[in-house]
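Engineer: Provided below: query.cif, containing mmCIF, C-alpha atoms.
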```cif
data_data
loop_
_atom_site.label_atom_id
_atom_site.label_comp_id
_atom_site.auth_asym_id
_atom_site.auth_seq_id
_atom_site.Cartn_x
_atom_site.Cartn_y
_atom_site.Cartn_z
CA MET A 1 83.03 143.72 39.75
CA SER A 2 83.15 146.69 37.42
CA GLY A 3 80.06 147.84 35.50
CA PRO A 4 81.20 146.91 31.99
CA ARG A 5 82.35 143.44 33.11
CA SER A 6 79.06 142.79 34.83
CA ARG A 7 77.10 143.91 31.82
CA THR A 8 79.19 141.68 29.58
CA LEU A 9 78.58 138.73 31.88
CA ALA A 10 74.84 139.37 31.84
CA VAL A 11 74.81 139.54 28.06
CA VAL A 12 76.83 136.32 27.75
CA ILE A 13 74.47 134.48 30.08
CA ALA A 14 71.47 135.77 28.19
CA LEU A 15 72.92 134.79 24.82
CA LEU A 16 73.78 131.35 26.14
CA LEU A 17 70.22 130.87 27.25
CA PHE A 18 68.82 132.43 24.09
CA ALA A 19 69.11 129.27 22.06
CA GLY A 20 67.06 127.24 24.53
CA PRO A 21 63.54 126.87 23.30
CA ALA A 22 64.22 127.60 19.64
CA ALA A 23 62.81 124.28 18.60
CA ALA A 24 59.81 122.03 18.75
CA HIS A 25 58.96 120.66 22.16
CA ILE A 26 57.71 117.14 22.43
CA THR A 27 57.17 114.54 25.06
CA PRO A 28 60.58 112.90 25.41
CA PRO A 29 60.60 109.70 23.37
CA VAL A 30 62.65 106.57 23.88
CA LEU A 31 63.62 105.14 20.50
CA LEU A 32 64.89 101.61 20.72
CA ALA A 33 65.59 100.91 17.04
CA SER A 34 65.38 102.56 13.63
CA ASP A 35 63.02 101.16 11.00
CA ARG A 36 65.96 99.98 8.90
CA GLU A 37 67.51 98.15 11.83
CA VAL A 38 64.23 96.37 12.46
CA LEU A 39 63.73 95.44 8.80
CA THR A 40 67.30 94.19 8.39
CA SER A 41 66.62 91.78 11.23
CA SER A 42 62.97 90.87 10.63
CA LEU A 43 63.31 90.33 6.86
CA ALA A 44 66.58 88.40 7.17
CA GLY A 45 66.91 85.81 4.41
CA ALA A 46 65.12 87.91 1.81
CA ARG A 47 66.97 88.89 -1.36
CA LYS A 48 64.58 91.54 -2.60
CA PHE A 49 62.57 94.08 -0.68
CA PHE A 50 59.24 95.68 -1.50
CA VAL A 51 56.86 98.08 0.14
CA ARG A 52 53.15 97.48 -0.17
CA GLU A 53 50.75 100.15 0.98
CA VAL A 54 47.22 99.10 1.71
CA ARG A 55 44.11 101.21 2.13
CA LEU A 56 41.28 99.50 4.03
CA SER A 57 37.68 99.50 2.90
CA ASP A 58 34.90 100.27 5.37
CA ALA A 59 34.02 96.57 5.45
CA GLU A 60 37.61 95.64 6.23
CA ARG A 61 37.79 98.23 9.01
CA GLU A 62 34.58 96.84 10.47
CA SER A 63 35.94 93.32 10.20
CA LEU A 64 39.02 94.31 12.20
CA ARG A 65 36.88 96.02 14.80
CA ARG A 66 34.83 92.89 15.28
CA GLN A 67 37.78 90.50 15.22
CA VAL A 68 40.28 92.25 17.47
CA GLY A 69 38.45 95.31 18.82
CA TRP A 70 40.56 97.73 16.82
CA LYS A 71 39.30 100.68 14.80
CA PRO A 72 42.03 101.45 12.24
CA ASP A 73 42.22 105.19 11.63
CA GLU A 74 45.21 105.61 9.33
CA ASP A 75 44.69 106.54 5.69
CA PHE A 76 46.85 103.59 4.67
CA TYR A 77 49.07 100.94 6.23
CA ARG A 78 52.54 100.06 5.00
CA PHE A 79 53.96 96.56 4.88
CA TYR A 80 57.62 95.98 4.12
CA LEU A 81 57.99 92.71 2.24
CA GLY A 82 61.03 90.50 1.84
CA ARG A 83 61.11 87.96 -0.99
CA ASN A 84 63.57 85.29 -2.03
CA ASP A 85 65.15 84.90 -5.47
CA ALA A 86 62.09 83.02 -6.72
CA GLY A 87 59.83 85.87 -5.66
CA ALA A 88 58.23 83.97 -2.78
CA LEU A 89 57.39 85.94 0.33
CA VAL A 90 59.84 85.41 3.19
CA ALA A 91 58.22 87.81 5.63
CA ALA A 92 56.16 90.99 5.87
CA THR A 93 56.74 93.63 8.53
CA VAL A 94 54.36 96.35 9.63
CA PHE A 95 54.84 99.11 12.23
CA LEU A 96 51.83 99.90 14.41
CA SER A 97 51.30 102.39 17.22
CA GLU A 98 48.93 102.82 20.13
CA PHE A 99 48.55 106.22 21.77
CA THR A 100 48.12 106.00 25.51
CA ILE A 101 47.73 108.85 27.96
CA HIS A 102 51.42 108.43 28.76
CA GLY A 103 52.50 108.67 25.11
CA PRO A 104 52.82 106.42 22.07
CA VAL A 105 53.95 102.81 21.96
CA ARG A 106 55.21 101.66 18.55
CA VAL A 107 55.72 98.01 17.71
CA ALA A 108 57.16 96.21 14.67
CA VAL A 109 55.37 92.98 13.76
CA SER A 110 56.85 90.56 11.26
CA LEU A 111 54.65 87.88 9.73
CA GLY A 112 55.42 84.82 7.67
CA PRO A 113 53.61 83.89 4.45
CA ASP A 114 51.21 81.80 6.56
CA GLY A 115 50.14 84.89 8.53
CA ARG A 116 51.84 83.72 11.72
CA VAL A 117 54.00 86.03 13.78
CA LYS A 118 57.69 85.53 12.95
CA ASP A 119 59.07 88.30 15.11
CA ALA A 120 57.91 91.32 17.07
CA SER A 121 59.65 94.09 18.93
CA VAL A 122 58.91 97.35 20.71
CA VAL A 123 60.63 100.17 18.80
CA GLU A 124 59.35 103.36 20.43
CA LEU A 125 58.13 104.40 23.85
CA THR A 126 58.28 107.50 25.99
CA GLU A 127 60.45 108.28 28.98
CA GLU A 128 57.37 107.86 31.13
CA THR A 129 56.37 104.43 29.81
CA TYR A 130 59.84 102.97 29.37
CA PRO A 131 60.36 101.98 33.05
CA TRP A 132 57.05 100.12 32.98
CA VAL A 133 57.79 98.24 29.78
CA LYS A 134 61.49 97.57 30.41
CA PRO A 135 60.87 94.51 32.63
CA LEU A 136 58.94 92.95 29.74
CA ILE A 137 61.56 93.90 27.16
CA ASP A 138 64.21 92.36 29.40
CA GLN A 139 62.16 89.14 29.36
CA ASN A 140 61.98 89.36 25.55
CA PHE A 141 58.29 88.87 26.07
CA THR A 142 57.24 89.67 22.50
CA GLN A 143 58.73 86.33 21.48
CA ARG A 144 55.87 84.61 23.33
CA TYR A 145 53.63 85.44 20.40
CA VAL A 146 55.88 84.03 17.69
CA GLY A 147 54.07 81.30 15.81
CA GLN A 148 50.57 82.60 16.57
CA ASP A 149 48.16 83.85 13.97
CA SER A 150 45.54 86.56 14.51
CA ARG A 151 43.25 84.10 16.28
CA GLY A 152 45.87 83.20 18.90
CA GLN A 153 46.02 84.17 22.56
CA PHE A 154 47.51 87.64 22.78
CA ALA A 155 47.57 88.27 26.50
CA LEU A 156 50.03 88.32 29.35
CA GLY A 157 50.13 85.15 31.44
CA PRO A 158 49.58 82.54 32.58
CA ARG A 159 53.36 82.36 32.80
CA PRO A 160 54.93 82.28 36.27
CA GLY A 161 55.79 85.78 37.36
CA ASP A 162 53.28 87.57 35.16
CA ALA A 163 50.85 87.98 38.05
CA GLY A 164 53.59 89.69 40.07
CA LEU A 165 54.24 92.35 37.48
CA GLU A 166 53.38 95.90 38.39
CA GLY A 167 49.95 97.06 37.23
CA MET A 168 51.28 99.51 34.66
CA THR A 169 53.70 96.89 33.34
CA GLN A 170 50.79 94.50 32.86
CA PHE A 171 48.78 97.24 31.18
CA TYR A 172 51.53 98.08 28.70
CA GLY A 173 52.27 94.40 28.15
CA GLN A 174 48.65 94.06 27.05
CA VAL A 175 48.99 97.11 24.81
CA VAL A 176 52.01 95.61 23.08
CA ALA A 177 50.36 92.19 22.78
CA SER A 178 47.29 93.81 21.21
CA LEU A 179 49.45 95.64 18.69
CA ILE A 180 51.05 92.35 17.66
CA GLN A 181 47.61 90.82 17.21
CA ARG A 182 46.51 93.81 15.15
CA GLY A 183 49.51 93.30 12.90
CA ALA A 184 48.50 89.70 12.31
CA ALA A 185 44.86 90.63 11.74
CA LEU A 186 45.82 93.42 9.38
CA TYR A 187 47.92 90.99 7.37
CA ASP A 188 44.95 88.62 7.20
CA VAL A 189 42.62 91.31 5.94
CA ALA A 190 44.98 93.09 3.60
CA PHE A 191 46.62 90.05 2.08
CA GLY A 192 44.75 86.86 2.90
CA LYS A 193 41.12 87.86 2.51
CA ARG A 194 41.73 90.15 -0.43
CA ALA A 195 43.63 87.44 -2.27
CA ALA A 196 40.95 84.87 -1.43
CA GLY A 197 38.27 87.28 -2.61
CA ALA A 198 40.13 87.67 -5.87
CA GLY A 199 40.12 83.92 -6.35
CA GLY A 200 43.63 83.42 -5.08
CA THR A 201 44.85 81.43 -2.16
CA ALA A 202 44.05 82.47 1.38
CA ARG A 203 47.71 83.21 1.99
CA PRO A 204 49.23 84.94 -0.99
CA ARG A 205 52.85 84.81 -1.96
CA GLY A 206 52.88 88.58 -1.54
CA MET B 1 55.24 150.19 38.18
CA ASN B 2 53.40 152.17 40.83
CA GLY B 3 56.76 153.30 42.20
CA ILE B 4 58.09 149.76 42.55
CA THR B 5 61.01 148.90 40.29
CA LEU B 6 63.32 145.93 40.13
CA SER B 7 66.28 147.96 41.35
CA ARG B 8 64.40 148.93 44.52
CA LEU B 9 63.36 145.40 45.48
CA PRO B 10 64.70 143.97 48.74
CA LEU B 11 67.56 141.48 48.50
CA SER B 12 65.30 138.47 49.04
CA ALA B 13 63.10 139.47 46.10
CA LYS B 14 66.13 140.14 43.90
CA VAL B 15 67.54 136.69 44.67
CA PHE B 16 64.16 135.09 44.00
CA CYS B 17 63.74 136.83 40.63
CA SER B 18 67.32 136.08 39.56
CA LEU B 19 67.19 132.40 40.45
CA PHE B 20 63.85 132.04 38.71
CA LEU B 21 65.19 133.65 35.53
CA LEU B 22 68.33 131.50 35.57
CA GLY B 23 66.33 128.36 36.32
CA ILE B 24 64.10 128.98 33.33
CA GLY B 25 67.25 129.51 31.26
CA LEU B 26 68.62 126.15 32.27
CA GLY B 27 65.27 124.64 31.37
CA ASN B 28 65.60 126.23 27.95
CA LEU B 29 69.00 124.63 27.48
CA ALA B 30 67.57 121.25 28.43
CA ALA B 31 64.69 121.80 25.98
CA LEU B 32 67.13 122.66 23.21
CA THR B 33 69.19 119.54 23.85
CA GLN B 34 66.11 117.35 23.93
CA ALA B 35 64.70 118.84 20.74
CA ALA B 36 68.04 118.58 18.96
CA THR B 37 68.50 114.92 19.81
CA ALA B 38 64.90 113.79 19.38
CA VAL B 39 63.70 115.80 16.40
CA GLY B 40 66.45 118.05 15.04
CA LEU B 41 66.69 121.79 14.70
CA SER B 42 66.22 122.38 10.96
CA PRO B 43 62.87 123.04 9.25
CA ARG B 44 63.40 119.79 7.36
CA ASP B 45 63.76 117.82 10.61
CA VAL B 46 60.65 119.38 12.10
CA GLN B 47 58.71 118.76 8.89
CA ALA B 48 59.78 115.12 8.84
CA SER B 49 58.45 114.63 12.36
CA LEU B 50 55.19 116.53 11.98
CA ALA B 51 54.01 116.18 8.40
CA PRO B 52 51.64 113.34 7.48
CA ASP B 53 53.33 110.18 6.25
CA ALA B 54 53.46 110.29 2.45
CA PRO B 55 53.08 107.05 0.51
CA MET B 56 56.30 105.40 -0.67
CA THR B 57 54.38 103.87 -3.56
CA HIS B 58 52.14 105.51 -6.13
CA LEU B 59 49.10 104.86 -3.95
CA GLY B 60 46.58 107.30 -5.34
CA HIS B 61 43.36 108.62 -3.90
CA GLY B 62 40.78 105.86 -3.85
CA GLN B 63 43.30 103.19 -4.78
CA MET B 64 43.25 100.22 -2.38
CA SER B 65 46.86 99.08 -2.63
CA ALA B 66 50.12 99.67 -4.42
CA GLU B 67 53.50 98.02 -4.33
CA ARG B 68 57.02 98.72 -5.52
CA GLU B 69 60.49 97.33 -5.02
CA ILE B 70 62.74 99.25 -2.68
CA ASN B 71 66.26 99.23 -1.41
CA LEU B 72 66.47 99.10 2.36
CA ALA B 73 68.70 102.16 2.12
CA GLU B 74 65.50 104.10 1.39
CA VAL B 75 64.24 103.29 4.86
CA ALA B 76 65.26 105.60 7.68
CA ALA B 77 68.46 104.42 9.35
CA THR B 78 68.03 106.78 12.22
CA ALA B 79 65.25 106.47 14.69
CA LYS B 80 62.74 109.23 14.03
CA VAL B 81 60.18 110.75 16.31
CA TRP B 82 57.02 110.87 14.31
CA ILE B 83 54.54 113.21 15.98
CA ARG B 84 51.13 111.95 15.00
CA THR B 85 47.85 113.65 15.84
CA PRO B 86 47.26 112.11 19.31
CA LEU B 87 50.80 113.04 20.36
CA LEU B 88 50.30 116.51 18.87
CA ILE B 89 47.19 116.97 21.01
CA GLN B 90 49.07 115.82 24.08
CA THR B 91 52.08 118.01 23.34
CA SER B 92 49.90 121.03 22.58
CA HIS B 93 47.98 120.93 25.83
CA THR B 94 51.02 120.45 28.06
CA HIS B 95 53.13 123.07 26.30
CA LEU B 96 50.39 125.65 25.91
CA PHE B 97 49.83 125.54 29.65
CA GLY B 98 53.53 125.26 30.53
CA GLN B 99 54.93 127.88 28.19
CA THR B 100 52.10 130.33 28.88
CA LEU B 101 52.74 129.95 32.60
CA ILE B 102 56.46 130.60 32.06
CA ALA B 103 55.71 133.58 29.82
CA GLY B 104 53.34 134.91 32.48
CA LEU B 105 55.87 134.64 35.30
CA LEU B 106 58.61 136.18 33.15
CA GLY B 107 56.25 139.01 32.28
CA LEU B 108 55.31 139.50 35.92
CA ILE B 109 58.95 140.20 36.80
CA PHE B 110 59.49 142.30 33.71
CA LEU B 111 56.51 144.56 34.45
CA PHE B 112 58.56 146.05 37.30
CA CYS B 113 61.48 147.15 35.15
CA SER B 114 61.85 150.85 34.42
CA LEU B 115 61.52 150.80 30.63
CA GLY B 116 58.88 152.89 28.92
CA ASP B 117 55.51 151.26 28.55
CA GLY B 118 55.76 150.94 24.77
CA LYS B 119 58.99 148.93 24.86
CA LYS B 120 57.75 146.94 27.81
CA THR B 121 54.56 146.02 25.98
CA ALA B 122 56.45 144.84 22.92
CA ILE B 123 58.95 142.73 24.86
CA VAL B 124 56.49 141.19 27.31
CA ALA B 125 54.35 139.97 24.41
CA LEU B 126 57.17 138.07 22.69
CA PRO B 127 57.09 134.81 24.72
CA PHE B 128 53.30 134.62 24.40
CA LEU B 129 53.41 135.17 20.65
CA GLY B 130 56.27 132.70 20.33
CA THR B 131 54.26 130.04 22.13
CA VAL B 132 51.24 130.51 19.86
CA LEU B 133 53.43 130.47 16.75
CA ASP B 134 55.34 127.40 17.97
CA ILE B 135 52.32 125.25 18.77
CA GLY B 136 50.18 126.69 15.97
CA GLY B 137 52.98 125.98 13.52
CA MET B 138 52.91 122.31 14.50
CA TRP B 139 49.22 122.04 13.62
CA LEU B 140 49.63 123.98 10.40
CA THR B 141 52.55 121.74 9.39
CA ARG B 142 50.49 118.62 9.96
CA PHE B 143 47.18 119.71 8.49
CA VAL B 144 47.76 122.62 6.12
CA TRP B 145 51.17 122.70 4.45
CA PRO B 146 54.32 120.81 5.58
CA PRO B 147 56.78 123.66 4.75
CA LEU B 148 55.08 125.68 7.50
CA ALA B 149 57.41 123.73 9.83
CA SER B 150 59.55 126.89 9.73
CA LEU B 151 56.90 128.55 11.88
CA VAL B 152 57.67 126.11 14.68
CA LEU B 153 61.29 127.22 14.72
CA ALA B 154 60.32 130.86 14.34
CA GLY B 155 57.96 130.53 17.30
CA GLY B 156 60.67 128.91 19.41
CA ALA B 157 63.11 131.64 18.43
CA LEU B 158 60.57 134.35 19.28
CA PHE B 159 60.00 132.80 22.68
CA ALA B 160 63.77 132.66 23.15
CA LEU B 161 64.22 136.27 22.06
CA GLY B 162 61.58 137.39 24.55
CA TYR B 163 63.20 135.35 27.29
CA ALA B 164 66.67 136.71 26.49
CA LEU B 165 65.51 140.34 26.48
CA ILE B 166 63.45 139.95 29.64
CA THR B 167 66.26 138.18 31.48
CA THR B 168 69.02 140.53 30.34
CA ILE B 169 67.09 143.70 31.16
CA SER B 170 65.72 142.32 34.42
CA LEU B 171 69.10 141.09 35.70
CA TYR B 172 70.66 144.40 34.76
CA GLU B 173 68.02 146.33 36.66
CA LEU B 174 68.08 143.95 39.61
CA TRP B 175 71.80 144.09 40.21
CA LEU B 176 73.54 146.80 38.17
CA ARG B 177 71.21 149.72 37.74
CA LYS B 178 71.90 152.61 40.05
CA GLU B 179 68.89 154.56 41.26
CA ALA B 180 69.12 158.25 40.51
CA ARG B 181 69.38 160.19 43.74
CA PRO B 182 66.50 162.65 44.30
#
```
Transcribe the structure of this file into structure tokens.
Structural biologist:
Amino acid sequence: MSGPRSRTLAVVIALLLFAGPAAAHITPPVLLASDREVLTSSLAGARKFFVREVRLSDAERESLRRQVGWKPDEDFYRFYLGRNDAGALVAATVFLSEFTIHGPVRVAVSLGPDGRVKDASVVELTEETYPWVKPLIDQNFTQRYVGQDSRGQFALGPRPGDAGLEGMTQFYGQVVASLIQRGAALYDVAFGKRAAGAGGTARPRG
Amino acid sequence: MNGITLSRLPLSAKVFCSLFLLGIGLGNLAALTQAATAVGLSPRDVQASLAPDAPMTHLGHGQMSAEREINLAEVAATAKVWIRTPLLIQTSHTHLFGQTLIAGLLGLIFLFCSLGDGKKTAIVALPFLGTVLDIGGMWLTRFVWPPLASLVLAGGALFALGYALITTISLYELWLRKEARP
């Protein structure tokens, strides 16, 4: 190969590779659904949509820690609300994350006006955690918690087959279940107890 | 360096250096693809993933709650990677080690090229500086000022520039440079 051709080839290869790392590097995520996709499904039946952002007091954070063993650390939490034509709450959806050593797990929890879980789904994982959680997603296991309020049983089992799940699958199943319970507890604190404290009903209309 | 130059290396060493440089290049392409699909390659994309979540309501400092009506069209229709602090810590530690190691091995090969020491010093420093700017830019975007997301891209580009120069010069000297006869 002649000198100029070889030099050209080397430059082309280098330029091709030049663009490589010119961007942020992150742990590869697995995104299962966008927020809008989740809300379109979880707030189905609503005619109007609202966003309510809630900042927790120290007492409310302590209450959550005692109730479900969770120390909320966000500045505020965002609920997406769906209401019917009369203004009554159809459902409220909140997105919550847990950061594990293998990356974040993000879950959408939808709650009815009574504070019970209406729907829940895993929306974000990482490439590392996805194979562990996939068997549970395939079982649609988040639906087990539909109908429960924050005082329900949020654990894997005692269903047949749960004991045979791989250890990491059980671990992440528990992580997801805990996130769903946190969503329910957060709804209780941010909506139910505040409304009751203000002289309203325990379960507000939103 | 000390009489050893890339052009004088034995064939086995030349093949080793070349395959390493090309392998890192392929890794760069994979990193670009992953970043483009997961985050995006514009400062706005990087800012959206790294900056703290801003309220959608008029929730002010010290205010306990706020509410407003929205259209679902305001909510992101595309799945977005939101890099929060724990993920930033995780990403920082893996990439600071990984990229510094890559920069070190690239530099180790490059030290044996026949450029003058001034040029060599400037080029060998680029991947290291790019790494610091890249990861440092992520933290500055999250905690200081969101528009500093441009630093993340600048850092990545600096790393890439260093890699491109090191690879181009090294491959040239490994395979094309003719030693002057004494």
Engineer: Only residues of chain B matter here; which ones have an atom within 6 Å of chain A, counting all atoms listed in the file? Give them as number ranges by chain.
Structural biologist: B: 25, 28-29, 31-32, 64-70, 75-79, 91, 153, 156-157, 160, 164, 168
Engineer: Using all atoms listed in the file, pick whichever of A:Thr142, A:Thr93, A:Gln67, A:Gln181 has the shortest atom-to-atom distance to Val122 (chain A).
Structural biologist: A:Thr142
Engineer: Quick one: everything within 12 Å of Pro147 (chain B), counting all atoms listed in the file, minus sequence neighbours fewer than 3 positions away in the same chain. Send it as a short mmCIF file (atom, residue, chain, number, x, y, z; two decimals) with C-alpha atoms, keeping the file's coordinate frame.
Structural biologist:
```
data_model
loop_
_atom_site.label_atom_id
_atom_site.label_comp_id
_atom_site.auth_asym_id
_atom_site.auth_seq_id
_atom_site.Cartn_x
_atom_site.Cartn_y
_atom_site.Cartn_z
CA SER B 42 66.22 122.38 10.96
CA PRO B 43 62.87 123.04 9.25
CA ARG B 44 63.40 119.79 7.36
CA ASP B 45 63.76 117.82 10.61
CA VAL B 46 60.65 119.38 12.10
CA GLN B 47 58.71 118.76 8.89
CA ALA B 48 59.78 115.12 8.84
CA SER B 49 58.45 114.63 12.36
CA LEU B 50 55.19 116.53 11.98
CA ALA B 51 54.01 116.18 8.40
CA PRO B 52 51.64 113.34 7.48
CA GLY B 137 52.98 125.98 13.52
CA MET B 138 52.91 122.31 14.50
CA TRP B 139 49.22 122.04 13.62
CA LEU B 140 49.63 123.98 10.40
CA THR B 141 52.55 121.74 9.39
CA ARG B 142 50.49 118.62 9.96
CA PHE B 143 47.18 119.71 8.49
CA VAL B 144 47.76 122.62 6.12
CA SER B 150 59.55 126.89 9.73
CA LEU B 151 56.90 128.55 11.88
CA VAL B 152 57.67 126.11 14.68
CA LEU B 153 61.29 127.22 14.72
#
```
Engineer: To one decimal place in Å, what is the distance between CA of Pro135 (chain A) and CA of Leu96 (chain A)?
Structural biologist: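 Distance between the two atoms: 21.0 Å.
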Engineer: Please measure the separation of CA of Gly152 (chain A) and CA of Pro113 (chain A), giving the value in Å to one decimal.
Structural biologist: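 Between CA of Gly152 (chain A) and CA of Pro113 (chain A) the gap is 16.4 Å.
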Engineer: Work out how far CA of Ser18 (chain B) is from CA of Ile166 (chain B), in Å to one decimal.
Structural biologist: 11.3 Å
Engineer: So which residues touch Tyr145 (chain A) within 7 Å, counting all atoms listed in the file, skipping near sequence neighbours fewer than 3 positions away, as a list in words?
Structural biologist: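 Within the cut-off, the hits are Val117, Thr142, Gln148 and Phe154 of chain A.
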Engineer: Residues near region 98-105 of chain B, anyone? I mean within 10 Å using all atoms listed in the file, not counting same-chain ones fewer than 6 positions away, as an MDAnalysis selection string.
Structural biologist: (chainID A and resid 21) or (chainID B and resid 17 20:21 24 92 111 124:132 159 162:163)
